[in-house]
Amino acid sequence: MKAIRSLTKLNELTEVRIGNCIFSKNDIEKMYIDQGLSIQELAKRLETSVWKANQILEKFGIPKNWNQNLTPRRLRVLRYIIWHQKKYRKSPTLSEISRKLDIPVSCVHFHMKNLKRLGYLEWDGKKREIHLKERSKECRRI
């Protein structure tokens with residue numbers, strides 16, 4: 001977590017000031033999504049009100065409700081795959097996913113296996129080809 005303690009100018013689109021700290025969208029995503037916090041727990045971590053935590057999530061477009069089968073990190077992996085395929089018209093490698101999401105390759109592999117088991121994608125575990133199933137379309141809206 002990179003909370004910057006200074007009086008530098010705040011970028012209104014990508015940062016939020018809480019007390020003397022400036023948090024980026026990436027900081028909030030890592031705190032809320034990767035750690036699977038509730039909104040109340042996020043508010044407590046940020047030492048702010050639940051209302052303010054809700055406002056921060058809305059400002060950055062971070063989803064508040066999770067699908068029962070998808071953990072926050074699985075959702076991040078799936079959303080990245082969807083984004084990468086749309087932008088580059090090919091599937092990302094495990095190492096690309098790992099670098100972009102800042103999680104170990106072994107964790108990416110684990111989440112990919114679970115996404116396959118839950119019916120969100122087709123993947124043989126070795127090749128680069130990842131095929132999204134119909135079920136993954138619901139995640140594009142999140």
# chains A, B, ... in the order shown; residues from 1 in each chain; ligands from 1
>>> residues_around(residues="segment 8-16 of chain A", least_positions_apart="3", cutoff="12 Å", atoms="only C-alpha atoms", output="VMD selection string")
chain A and resid 2 to 5 19 to 29 46 52 to 53 55 to 61
>>> select_by_dssp(residues="chain A", states="strand (DSSP E)", output="number ranges by chain")
A: 4-5, 15-18, 21-24, 121-122, 131-132
>>> closest_atom_pairs(of="segment 109-139 of chain A", to="segment 85-93 of chain A", cutoff="12 Å", atoms="only C-alpha atoms", output="tab-separated table")
residue	atom	partner	partner_atom	distance
A:His109	CA	A:Thr93	CA	10.3
A:Met112	CA	A:Thr93	CA	11.2
A:Leu121	CA	A:Ser91	CA	11.6
A:Glu122	CA	A:Ser91	CA	11.6
A:Trp123	CA	A:Ser91	CA	10.5
A:Gly125	CA	A:Thr93	CA	10.8
A:Lys126	CA	A:Thr93	CA	9.8
A:Lys127	CA	A:Thr93	CA	8.7
A:Arg128	CA	A:Thr93	CA	5.8
A:Glu129	CA	A:Ser91	CA	5.8
A:Ile130	CA	A:Ser91	CA	5.8
A:His131	CA	A:Ser91	CA	8.2
A:Leu132	CA	A:Gln85	CA	9.6
>>> residues_around(residues="segment 97-108 of chain A", least_positions_apart="5", cutoff="9 Å", atoms="only C-alpha atoms", output="short mmCIF file (atom, residue, chain, number, x, y, z; two decimals) with N, CA, C and O atoms, in the first residue's frame")
data_model
loop_
_atom_site.label_atom_id
_atom_site.label_comp_id
_atom_site.auth_asym_id
_atom_site.auth_seq_id
_atom_site.Cartn_x
_atom_site.Cartn_y
_atom_site.Cartn_z
N ARG A 74 -10.29 -13.76 -8.05
CA ARG A 74 -10.70 -14.49 -9.26
C ARG A 74 -11.38 -13.54 -10.23
O ARG A 74 -11.18 -13.61 -11.44
N ARG A 76 -10.81 -10.35 -10.49
CA ARG A 76 -9.76 -9.50 -11.10
C ARG A 76 -9.05 -10.24 -12.22
O ARG A 76 -8.78 -9.68 -13.27
N VAL A 77 -8.75 -11.53 -12.01
CA VAL A 77 -8.08 -12.33 -13.05
C VAL A 77 -8.98 -12.44 -14.27
O VAL A 77 -8.55 -12.20 -15.39
N TYR A 80 -9.26 -9.14 -16.11
CA TYR A 80 -8.05 -8.84 -16.87
C TYR A 80 -8.00 -9.65 -18.16
O TYR A 80 -7.64 -9.13 -19.21
N ILE A 81 -8.37 -10.92 -18.09
CA ILE A 81 -8.37 -11.77 -19.29
C ILE A 81 -9.34 -11.19 -20.33
O ILE A 81 -9.00 -11.08 -21.51
N PRO A 92 -3.87 -13.66 -22.73
CA PRO A 92 -2.62 -13.36 -22.03
C PRO A 92 -1.97 -14.63 -21.49
O PRO A 92 -2.64 -15.65 -21.29
N LYS A 113 -7.51 -22.39 -12.67
CA LYS A 113 -8.10 -23.73 -12.51
C LYS A 113 -9.50 -23.62 -11.90
O LYS A 113 -10.42 -24.32 -12.32
#
>>> select_by_dssp(residues="chain A", states="alpha helix (DSSP H)", output="PyMOL selection string")
chain A and resi 25-29+39-46+50-60+72-88+94-101+105-117
>>> residues_around(residues="Leu78 of chain A", least_positions_apart="5", cutoff="9 Å", atoms="only C-alpha atoms", output="PyMOL selection string")
chain A and resi 73+83+111-112+115+120-121+136+139
>>> closest_residue(among="A:Pro72, A:Lys133, A:Asn54, A:Arg117", to="Glu41 of chain A", atoms="only C-alpha atoms")
A:Asn54
>>> atom_distance(atom1="atom CA of Lys30 of chain A", atom2="atom CA of Asp124 of chain A")
28.6 Å
